[in-house]
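S.K.: Dumping the structure here so I can ask a few things about it.
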Amino acid sequence: MLLAVMLFSAMDTIIKALSAHYPPLQIAAMRGALTLPLIALWIQWRGSWAAVWQARWPLHLLRGGLVIAMLVLFTYGVRGLPLTHAYTLMFFAPLLITVLAWPVLGERVPRAHWWAVGGGLLGVLVALRPSAEGFASWSGLAVLGAAVCYAVSAVVTRLSSRTDSKDSLVLWVMVILTVVAGALALPQWLPLQAHHLPLWAGLAASGFLAQLAITEAFRHGQASAVAPFEYTALAWSLGIDWLVWQQLPDAFTLLGGAIIVGSGLYVLRHEQVHATAEHP
């Protein structure tokens, strides 16, 4: 999950850079189209084409629609918000995943996880201190909508993984993203500029690897246990701010980051102790 967060942070940085030049639907469609060849090569290398056809299509269609909505809303949002501010709003997703894990997945959510998620959210507020203006803006509302779509998509991924292969989960969401977002983007499609080609290549690579990593994370771990580690995106966003915009974190940011990391480590430690107690 930590690797997935790092890769998604890189992808989000590229999306923010491209959002100033291309419509959100076009960026979503291009992400799918550029990633599909990599996924096909991956499946060919694994020799697992037969497994991808064993799919629960209603769940795949639902997940594909959620991913399209998430990407479009997030791209629109980061066009008007700093990446760190957008991440503040996106951190609503882990809490929602934990809330949905019990009624949708039937997973038992230990009290420790609730405390950890609450602690993580507290750390986000301490570190980033989101303003009322950011939450009330259209950009802020768009990112909040993206957070909801992501949380529901993550739970659907976990539900689908009970019967469908990892390759199936990765392939079909990209096919749906490419076809549906591409069709919707055609009326406002803009020509690609040559100097943006490295960004498009980076978007394809980071998106492909991140999709594999996050699918694997939710496939093998309880959603309520995996979700809190998404708070580590705070560290990546701060690093990006420093490298790209030469901004250093203040004391509040460092304190909030410590709370967030501590919350994630607490969940990990709790899971390890619980697993040891059940299987000594």
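Residue numbers start at 1 in each chain; chains themselves are named A, B, ... in the order of the structure tokens; ligands are numbered from 1 in the order shown.
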Report as an mmCIF file with N, CA and C atoms, in the first residue's frame all protein, DNA and RNA residues lying within 6 Å of Leu25 in chain A, evaluated on only C-alpha atoms, omitting residues in the same chain fewer than 4 positions from it.
M.R.:
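Generated output (result.cif):
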data_model
loop_
_atom_site.group_PDB
_atom_site.id
_atom_site.type_symbol
_atom_site.label_atom_id
_atom_site.label_comp_id
_atom_site.auth_asym_id
_atom_site.auth_seq_id
_atom_site.Cartn_x
_atom_site.Cartn_y
_atom_site.Cartn_z
ATOM 1 N N VAL A 72 -12.123 12.480 -13.064
ATOM 2 C CA VAL A 72 -12.619 13.747 -13.610
ATOM 3 C C VAL A 72 -12.773 14.782 -12.498
ATOM 4 N N ALA A 181 -14.698 7.172 -21.013
ATOM 5 C CA ALA A 181 -14.161 8.534 -20.884
ATOM 6 C C ALA A 181 -13.737 9.077 -22.241
ATOM 7 N N ALA A 185 -15.126 12.421 -23.968
ATOM 8 C CA ALA A 185 -14.151 13.500 -24.148
ATOM 9 C C ALA A 185 -14.044 13.977 -25.592
#
S.K.: Write out as a PDB file with N, CA and C atoms, in the first residue's frame the residues lying within 8 Å of Ile14 in chain A, counting only C-alpha atoms and excluding same-chain residues fewer than 2 positions away.
M.R.:
ATOM      1  N   ALA A  10       2.876  10.544  -7.437  1.00  0.00           N
ATOM      2  CA  ALA A  10       3.558  10.949  -8.667  1.00  0.00           C
ATOM      3  C   ALA A  10       2.547  11.177  -9.788  1.00  0.00           C
ATOM      4  N   MET A  11       1.578  10.278  -9.892  1.00  0.00           N
ATOM      5  CA  MET A  11       0.556  10.419 -10.928  1.00  0.00           C
ATOM      6  C   MET A  11      -0.271  11.685 -10.724  1.00  0.00           C
ATOM      7  N   ASP A  12      -0.624  11.977  -9.474  1.00  0.00           N
ATOM      8  CA  ASP A  12      -1.424  13.167  -9.190  1.00  0.00           C
ATOM      9  C   ASP A  12      -0.668  14.446  -9.531  1.00  0.00           C
ATOM     10  N   LYS A  16      -2.000  17.166 -12.206  1.00  0.00           N
ATOM     11  CA  LYS A  16      -2.123  18.600 -11.918  1.00  0.00           C
ATOM     12  C   LYS A  16      -1.410  19.428 -12.984  1.00  0.00           C
ATOM     13  N   ALA A  17      -0.241  18.960 -13.417  1.00  0.00           N
ATOM     14  CA  ALA A  17       0.494  19.683 -14.455  1.00  0.00           C
ATOM     15  C   ALA A  17      -0.270  19.679 -15.780  1.00  0.00           C
ATOM     16  N   LEU A  18      -0.871  18.546 -16.122  1.00  0.00           N
ATOM     17  CA  LEU A  18      -1.599  18.442 -17.391  1.00  0.00           C
ATOM     18  C   LEU A  18      -2.952  19.135 -17.348  1.00  0.00           C
ATOM     19  N   LEU A 199       5.366  13.797 -19.859  1.00  0.00           N
ATOM     20  CA  LEU A 199       4.352  13.759 -18.809  1.00  0.00           C
ATOM     21  C   LEU A 199       3.348  12.636 -19.064  1.00  0.00           C
ATOM     22  N   GLY A 202       4.984   9.387 -18.176  1.00  0.00           N
ATOM     23  CA  GLY A 202       5.021   9.227 -16.724  1.00  0.00           C
ATOM     24  C   GLY A 202       3.659   8.891 -16.151  1.00  0.00           C
ATOM     25  N   LEU A 203       2.618   9.477 -16.736  1.00  0.00           N
ATOM     26  CA  LEU A 203       1.253   9.175 -16.293  1.00  0.00           C
ATOM     27  C   LEU A 203       0.922   7.707 -16.531  1.00  0.00           C
TER      28      LEU A 203
END
S.K.: Taking the chain letters and numbering used in this document, name the residues of range 98-247 of chain A that DSSP puts in helix (DSSP H, G or I), as a PyMOL selection string.
M.R.: chain A and resi 98-105+111-128+132-136+138-160+166-188+194-220+223-245
S.K.: With the cut-off set at 9 Å and counting only C-alpha atoms, tabulate each residue of range 44-150 of chain A with an atom at most that distance from an atom of range 155-168 of chain A, showing the nearest atom pair and its distance in Å to one decimal, ordered by chain and increasing number, as a Markdown table.
M.R.:
| residue | atom | partner | partner_atom | distance |
| --- | --- | --- | --- | --- |
| A:Ser48 | CA | A:Asp167 | CA | 7.5 |
| A:Trp49 | CA | A:Asp167 | CA | 8.3 |
| A:Ala51 | CA | A:Ser165 | CA | 6.4 |
| A:Val52 | CA | A:Ser168 | CA | 4.2 |
| A:Trp53 | CA | A:Ser168 | CA | 7.1 |
| A:Gln54 | CA | A:Asp164 | CA | 6.4 |
| A:Ala55 | CA | A:Asp164 | CA | 5.6 |
| A:Arg56 | CA | A:Ser160 | CA | 7.1 |
| A:Leu59 | CA | A:Ser160 | CA | 6.6 |
| A:His60 | CA | A:Ser160 | CA | 7.8 |
| A:Leu62 | CA | A:Val156 | CA | 8.1 |
| A:Arg63 | CA | A:Val156 | CA | 6.5 |
| A:Ile97 | CA | A:Val155 | CA | 6.6 |
| A:Leu100 | CA | A:Val155 | CA | 7.2 |
| A:Ala101 | CA | A:Val155 | CA | 6.9 |
| A:Val104 | CA | A:Val155 | CA | 7.7 |
| A:Leu105 | CA | A:Leu159 | CA | 6.6 |
| A:Tyr150 | CA | A:Val155 | CA | 8.7 |
S.K.: Just to be explicit: take each residue in the selection above, keep C-alpha atoms, and write the result as a PDB file, in the first residue's frame.
M.R.:
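Output file selection.pdb is given in full below:
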ATOM      1  CA  SER A  48      -3.271 -15.276 -17.431  1.00  0.00           C
ATOM      2  CA  TRP A  49      -5.589 -14.227 -20.254  1.00  0.00           C
ATOM      3  CA  ALA A  51      -8.551 -15.645 -15.918  1.00  0.00           C
ATOM      4  CA  VAL A  52      -9.532 -12.139 -17.033  1.00  0.00           C
ATOM      5  CA  TRP A  53     -12.756 -13.382 -18.624  1.00  0.00           C
ATOM      6  CA  GLN A  54     -13.992 -14.729 -15.309  1.00  0.00           C
ATOM      7  CA  ALA A  55     -15.479 -11.479 -14.115  1.00  0.00           C
ATOM      8  CA  ARG A  56     -18.482 -10.174 -12.223  1.00  0.00           C
ATOM      9  CA  LEU A  59     -19.183  -4.856 -10.241  1.00  0.00           C
ATOM     10  CA  HIS A  60     -16.618  -4.077 -12.946  1.00  0.00           C
ATOM     11  CA  LEU A  62     -19.727   0.022 -11.262  1.00  0.00           C
ATOM     12  CA  ARG A  63     -16.040   0.272 -10.427  1.00  0.00           C
ATOM     13  CA  ILE A  97     -13.709   2.978   3.612  1.00  0.00           C
ATOM     14  CA  LEU A 100     -18.261   0.903   4.584  1.00  0.00           C
ATOM     15  CA  ALA A 101     -16.116  -2.132   5.450  1.00  0.00           C
ATOM     16  CA  VAL A 104     -20.730  -3.898   2.704  1.00  0.00           C
ATOM     17  CA  LEU A 105     -17.888  -6.363   3.227  1.00  0.00           C
ATOM     18  CA  TYR A 150     -12.509   6.479  -4.472  1.00  0.00           C
TER      19      TYR A 150
END
S.K.: Hey, which of A:Ile240, A:Leu234, A:Ala147, A:Ala20 ends up closest to Gly80 in chain A? Count only C-alpha atoms.
M.R.: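 Comparing A:Ile240, A:Leu234, A:Ala147, A:Ala20 against Gly80 in chain A, the winner is A:Ala20.
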S.K.: So which one's closest to Leu121 in chain A, A:Thr35, A:Ser19, A:Thr232, A:Thr178? Using only C-alpha atoms, please.
M.R.: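 Ranked by minimum distance to Leu121 in chain A, first place goes to A:Thr232.
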S.K.: Nearest to Met90 in chain A: which of A:Ala146, A:Leu3, A:Leu190, A:Ala28 is it, counting only C-alpha atoms?
M.R.: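 Once distances to Met90 in chain A are computed over only C-alpha atoms, the minimum belongs to A:Ala146.
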S.K.: For Met1 in chain A, list every protein, DNA or RNA residue within 8 Å, evaluated using only C-alpha atoms, and leave out those in the same chain fewer than 5 positions away; present the list as a ChimeraX atom specification.
M.R.: /A:213-214,217,226,229-230
S.K.: Enter the distance from CA of Gln188 in chain A to CA of Val173 in chain A, in Å, rounded to one decimal.
M.R.: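 So the two atoms, CA of Gln188 in chain A and CA of Val173 in chain A, lie 22.8 Å apart.
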S.K.: How far is it from CA of Ala205 in chain A to CA of Gly47 in chain A, in Å with one decimal?
M.R.: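 Computing it gives 20.9 Å between the two atoms.
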